[in-house]
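What follows is a set of notes on a single structure, which appears directly below.
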Number of protein chains: 2
Amino acid sequence: MANSASGDSVVDRVVRVIEAFPEGVTSLQLTELADRAGLPLSSAHRLVRQLSEHGLLDLGAGGTVRLGLRLWELVNRNSPTLALRQAAMPFMEDIQQVLNQNVNLAVLDGWEALFVERLSRRGSVANRARIAGRMPVHISSAGLALMSHQSRELQSEYLEQFQDPSGKVTADVVRHFLAEAAQQGFVQLAGVVDPDTWGIAVPVMNAKRRTVAALGVVVPLAEMRLQALVPALQTAARGIGRQLGD
Amino acid sequence: MANSASGDSVVDRVVRVIEAFPEGVTSLQLTELADRAGLPLSSAHRLVRQLSEHGLLDLGAGGTVRLGLRLWELVNRNSPTLALRQAAMPFMEDIQQVLNQNVNLAVLDGWEALFVERLSRRGSVANRARIAGRMPVHISSAGLALMSHQSRELQSEYLEQFQDPSGKVTADVVRHFLAEAAQQGFVQLAGVVDPDTWGIAVPVMNAKRRTVAALGVVVPLAEMRLQALVPALQTAARGIGRQLGD
DNA sequence: CACGTTCTACCATTGAATGGAAGGAGTCCG
DNA sequence: CGGACTCCTTCCATTCAATGGTAGAACGTG
């Protein structure tokens with residue numbers, strides 16, 4: 001009953017509070033937040049109040065906690081992600097207008113593709129990718145495009161630990177995919193994520209030819225026009241890469 | 001030389017670290033960060049290391065500090081702002097395609113408009129608004145659109161404290177603008193932000209008819225087509241509002 | 001109206017946070 | 001080449017900020 005009985009620092013706790021929000025949930029009751037963050041109610045209450053005084057959280061009436069507008073502002077205006085997005089947006093819009101379908105932009109984080117931007121029309125097919133959402137490398141065209149252009153060491157490390165929970169895919173299959181992708185310069189995945197959709201992605205390389213992102217589209221399975229699609233994506237990827245400094 | 005000689009809590013310090021990044025700057029040296037956050041170097045170092053262990057910051061080689069991908073992810077996937085953005089994007093794209101000019105979306109925070117989204121074409125005119133950037137209420141069409149639909153109390157409070165640093169605008173002028181905007185249902189501002197541009201904005205109301213955002217365009221001063229523009233914006237604003245739950 | 005639930009406030013205890021100092025690591029320049 | 005400089009990193013004795021059980025307030029509910 002003293003300074004942190006559980007042995008975690010204040011920083012740990014602040015992080016846990018921010019992490020306590022499940023994906024897509026914008027609002028949480030104080031009690032539930034404390035529960036999810038694994039904090040005593042009184043401690044959670046104190047932390048939330050302190051954070052909300054700075055605007056990082058919004059403490060609504062009745063103990064409703066939301067992420068603060070100020071936090072959104074600070075993170076978005078200073079995040080390296082914004083530069084990538086800004087460079088990519090015009091090209092993504094061009095592609096979207098031509099294809100009239102989903103376009104998305106992802107970066108690699110761990111063994112997952114993290115989606116940074118997504119444009120979708122009202123009429124376009126289902127697309128599992130959500131902004132700030134993730135998908136495992138091995139079942140997303142963007143993920144495979146990213147991984148296939150990483151260093152040999154990272155790829156080995158990835159394949160070594162690889163295990164498909166559903167048991168449908170083996171490391172060897174993924175290895176094959178990655179090799180093919182590295183050689184071809186693009187990835188196509190038909191009916192994997194959704195039975196009726198078809199995903200194509202290409203790597204986006206910065207000035208130093210390091211792969212920093214993947215640009216992809218999701219189109220109906222029927223609409224298979226690789227010859228037209230891939231060059232369009234690759235051209236856009238080059239255009240984006242040219243604007244990325246580091 | 002004890003627990004916080006300066007009398008601020010750990011939470012205060014964490015906030016100061018995150019706030020230390022100036023607008024648009026994504027990368028900071030540790031020493032500079034410590035300086036900007038007003039922290040002793042060793043304290044800053046400890047905090048940054050702790051935060052980077054959780055992925056909220058990225059600690060690069062040579063003491064380079066950036067905001068972490070994980071922080072971007074957490075904030076964007078759980079922020080109320082994302083829901084607004086998602087609802088607005090299709091409409092914003094429609095408008096952009098028709099006008100071929102800048103479209104932006106803002107919310108009110110304090111006495112400023114905070115820009116949540118912005119679409120701009122390569123060829124379009126200059127636009128001061130940056131994503132996650134701010135503009136004072138009285139010189140932005142979005143800001144005026146937002147303020148003109150707030151409660152009478154908030155408007156009074158705003159006008160009471162109003163003072164234009166440049167001395168060009170008086171509270172009475174702003175009062176007049178707000179009244180006109182409230183009556184007309186839109187705001188137009190010609191050559192205020194930039195001499196050659198013209199801004200038009202309309203309020204976006206949620207299901208309960210509370211004004212939660214402003215939708216606006218920035219077009220060249222020459223292209224004055226109010227009759228076509230305003231209805232288009234208002235229609236889009238209704239469409240967005242219909243999708244906003246709370 | 002009594003009971004359950006959730007938020008808010010209080011305050012004695014104590015170990016986590018603090019920051020100066022010293023030790024690396026790298027860079028610049030005469 | 002070596003001295004001076006800058007910046008990052010680590011260490012550790014000191015001490016006050018953080019902690020969380022407890023109690024009470026504010027609702028909502030059957």
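How things are named: the first chain in the structure tokens is A, the next is B, and so on; residues count from 1 in each chain; ligands count from 1 in the order shown.
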
Set the distance at 6 Å and use only C-alpha atoms (C1' of nucleotides): which residues neighbour Ile200 in chain B once local chain neighbours fewer than 6 positions away are removed? I'd like the list as a list of chain:residue names. B:Ser141, B:Val187, B:Gln188, B:Gly216, B:Val217

Residue selection dump (N, CA and C atoms) as a PDB file, in the first residue's frame:
```pdb
ATOM      1  N   SER B 141     -13.308  30.805 -42.637  1.00  0.00           N
ATOM      2  CA  SER B 141     -14.732  30.604 -42.892  1.00  0.00           C
ATOM      3  C   SER B 141     -15.251  29.430 -42.066  1.00  0.00           C
ATOM      4  N   VAL B 187     -20.953  30.749 -44.536  1.00  0.00           N
ATOM      5  CA  VAL B 187     -20.010  31.856 -44.380  1.00  0.00           C
ATOM      6  C   VAL B 187     -19.186  31.980 -45.648  1.00  0.00           C
ATOM      7  N   GLN B 188     -18.993  33.199 -46.118  1.00  0.00           N
ATOM      8  CA  GLN B 188     -18.033  33.393 -47.205  1.00  0.00           C
ATOM      9  C   GLN B 188     -17.026  34.450 -46.778  1.00  0.00           C
ATOM     10  N   GLY B 216     -15.960  23.036 -45.607  1.00  0.00           N
ATOM     11  CA  GLY B 216     -15.663  24.220 -46.402  1.00  0.00           C
ATOM     12  C   GLY B 216     -14.840  23.945 -47.646  1.00  0.00           C
ATOM     13  N   VAL B 217     -14.828  24.928 -48.531  1.00  0.00           N
ATOM     14  CA  VAL B 217     -13.968  24.846 -49.712  1.00  0.00           C
ATOM     15  C   VAL B 217     -13.159  26.138 -49.830  1.00  0.00           C
TER      16      VAL B 217
END
```

Please identify the strand (DSSP E or B) residues within range 15-132 of chain A (assignment by DSSP from backbone atoms) and present them as a list of chain:residue names.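 For range 15-132 of chain A, the strand (DSSP E or B) set is A:Ser27, A:Leu28, A:Gln29, A:Leu57, A:Asp58, A:Leu59, A:Thr64, A:Val65, A:Arg66, A:Leu67, A:Asn102, A:Val103, A:Asn104, A:Leu105, A:Ala106, A:Val107, A:Leu108, A:Asp109, A:Glu112, A:Ala113, A:Leu114, A:Phe115, A:Val116, A:Glu117, A:Arg118, A:Leu119.
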
Only residues of chain B matter here; which ones have an atom within 7 Å of chain A, counting only C-alpha atoms? Give them as JSON, numbers by chain. {"B": [10, 11, 19, 21, 23, 24, 25, 26, 50, 51, 67, 72, 73, 74, 75, 76, 77, 78, 79, 80, 90, 121, 131, 132, 133]}

Could you list the residues in chain D lying within 7 Å of chain A, using only C-alpha atoms (C1' of nucleotides), and format the result as a list in words? DA18, DT19 and DG20 of chain D

Wanna dump the chain C-chain B contacts at 10 Å for me, each residue with its shortest atom pair and the distance in Å to one decimal, counting only C-alpha atoms (C1' of nucleotides), ordered by chain and number, as CSV?
```
residue,atom,partner,partner_atom,distance
C:DA16,C1',B:Asn3,CA,8.8
C:DA17,C1',B:Asn3,CA,5.4
C:DT18,C1',B:Asn3,CA,4.9
C:DG19,C1',B:Met1,CA,6.3
C:DG20,C1',B:Met1,CA,8.3
C:DA25,C1',B:Gly62,CA,9.9
C:DG26,C1',B:Gly62,CA,9.5
```

Could you save those same residues with C-alpha atoms (C1' of nucleotides) as a short mmCIF file (atom, residue, chain, number, x, y, z; two decimals), in the first residue's frame?
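The resulting file, result-v1.cif, is shown below:
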```
data_model
loop_
_atom_site.label_atom_id
_atom_site.label_comp_id
_atom_site.auth_asym_id
_atom_site.auth_seq_id
_atom_site.Cartn_x
_atom_site.Cartn_y
_atom_site.Cartn_z
"C1'" DA C 16 9.47 5.15 -7.07
"C1'" DA C 17 11.04 9.24 -9.18
"C1'" DT C 18 14.61 12.56 -9.24
"C1'" DG C 19 18.80 14.97 -11.19
"C1'" DG C 20 23.70 16.07 -10.41
"C1'" DA C 25 30.91 7.99 -27.89
"C1'" DG C 26 31.29 10.64 -31.65
#
```

Among range 45-174 of chain B, which ones does DSSP assign to helix (DSSP H, G or I) (computed from the backbone)? Answer as a compact mmCIF listing (two decimals) with C-alpha atoms, in the first residue's frame.
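For reference, part.txt as written:
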```
# COMPACT_ATOMS: atom_id res chain seq x y z
CA HIS B 45 16.15 10.58 -21.05
CA ARG B 46 14.47 8.30 -18.55
CA LEU B 47 10.98 9.32 -19.62
CA VAL B 48 11.73 8.97 -23.30
CA ARG B 49 13.19 5.53 -22.78
CA GLN B 50 10.17 4.41 -20.80
CA LEU B 51 7.77 5.73 -23.38
CA SER B 52 9.70 4.20 -26.24
CA GLU B 53 9.62 0.82 -24.53
CA LEU B 69 3.70 4.33 -34.72
CA ARG B 70 1.86 2.68 -31.85
CA LEU B 71 0.79 6.06 -30.50
CA TRP B 72 -0.49 7.05 -33.92
CA GLU B 73 -2.40 3.81 -34.12
CA LEU B 74 -3.97 4.02 -30.67
CA VAL B 75 -5.02 7.62 -31.06
CA ASN B 76 -6.41 7.30 -34.54
CA ARG B 77 -8.32 4.10 -34.08
CA ASN B 78 -10.06 5.28 -30.91
CA PRO B 80 -13.92 10.39 -31.91
CA THR B 81 -12.39 12.40 -34.73
CA LEU B 82 -12.04 9.29 -36.90
CA ALA B 83 -15.78 8.63 -36.89
CA LEU B 84 -16.40 12.18 -38.10
CA ARG B 85 -13.77 11.85 -40.76
CA GLN B 86 -15.13 8.53 -41.99
CA ALA B 87 -18.61 9.93 -42.30
CA ALA B 88 -17.36 12.99 -44.15
CA MET B 89 -14.81 11.53 -46.55
CA PRO B 90 -17.11 10.27 -49.31
CA PHE B 91 -18.94 13.58 -49.41
CA MET B 92 -15.72 15.53 -49.38
CA GLU B 93 -14.45 13.51 -52.30
CA ASP B 94 -17.62 14.13 -54.25
CA ILE B 95 -17.29 17.85 -53.74
CA GLN B 96 -13.67 17.83 -54.63
CA GLN B 97 -14.29 16.02 -57.87
CA VAL B 98 -16.94 18.47 -58.95
CA LEU B 99 -15.05 21.60 -57.99
CA VAL B 137 -12.19 31.62 -35.62
CA HIS B 138 -12.44 35.15 -36.95
CA ILE B 139 -10.28 34.73 -40.05
CA SER B 141 -14.73 30.60 -42.89
CA ALA B 142 -14.85 27.25 -41.12
CA GLY B 143 -14.21 28.92 -37.76
CA LEU B 144 -16.99 31.46 -38.30
CA ALA B 145 -19.38 28.76 -39.50
CA LEU B 146 -18.71 26.79 -36.34
CA MET B 147 -18.94 29.70 -33.94
CA ARG B 152 -25.52 32.28 -27.25
CA GLU B 153 -23.46 32.02 -24.06
CA LEU B 154 -20.38 30.67 -25.80
CA GLN B 155 -20.63 33.30 -28.52
CA SER B 156 -20.85 36.07 -25.91
CA GLU B 157 -17.87 34.67 -24.06
CA TYR B 158 -15.96 34.54 -27.32
CA LEU B 159 -16.81 38.08 -28.35
CA GLU B 160 -16.06 39.39 -24.86
CA GLN B 161 -12.48 38.19 -24.89
CA ALA B 171 -15.41 42.48 -31.99
CA ASP B 172 -18.32 44.31 -33.63
CA VAL B 173 -17.25 43.26 -37.08
CA VAL B 174 -17.03 39.65 -35.91
```

Figure out the distance between CA of Val219 in chain A and CA of Gln101 in chain A, please, to one decimal in Å.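 Distance between the two atoms: 6.0 Å.
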
Which residues are close to DA9 in chain C, i.e. within 10 Å by only C-alpha atoms (C1' of nucleotides), leaving aside same-chain residues fewer than 5 positions away? Reply as a short mmCIF file (atom, residue, chain, number, x, y, z; two decimals) with N, CA and C atoms (P, O5', C5', C4', C3', O3' and C1' of nucleotides), in the first residue's frame.
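Result went into around-v3.cif, see below:
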```cif
data_model
loop_
_atom_site.label_atom_id
_atom_site.label_comp_id
_atom_site.auth_asym_id
_atom_site.auth_seq_id
_atom_site.Cartn_x
_atom_site.Cartn_y
_atom_site.Cartn_z
N SER A 42 -9.44 4.32 -7.70
CA SER A 42 -9.00 5.66 -7.28
C SER A 42 -7.77 6.11 -8.05
P DA D 23 -14.32 2.92 6.27
"O5'" DA D 23 -14.98 4.31 5.83
"C5'" DA D 23 -14.30 5.54 6.11
"C4'" DA D 23 -14.99 6.66 5.36
"C3'" DA D 23 -16.53 6.61 5.41
"O3'" DA D 23 -17.03 7.92 5.59
"C1'" DA D 23 -15.82 6.68 3.19
P DG D 24 -18.53 8.16 6.03
"O5'" DG D 24 -19.04 9.26 5.02
"C5'" DG D 24 -18.16 10.30 4.60
"C4'" DG D 24 -18.55 10.74 3.21
"C3'" DG D 24 -20.07 10.86 2.99
"O3'" DG D 24 -20.32 12.03 2.22
"C1'" DG D 24 -19.14 9.52 1.33
P DA D 25 -21.69 12.79 2.36
"O5'" DA D 25 -21.95 13.24 0.86
"C5'" DA D 25 -20.89 13.83 0.11
"C4'" DA D 25 -21.11 13.58 -1.36
"C3'" DA D 25 -22.55 13.82 -1.84
"O3'" DA D 25 -22.51 14.57 -3.04
"C1'" DA D 25 -21.83 11.67 -2.49
#
```

Just how far from CA of Lys168 in chain B is CA of Gly191 in chain B, in Å to one decimal?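 We find that CA of Gly191 in chain B and CA of Lys168 in chain B lie 13.8 Å from each other.
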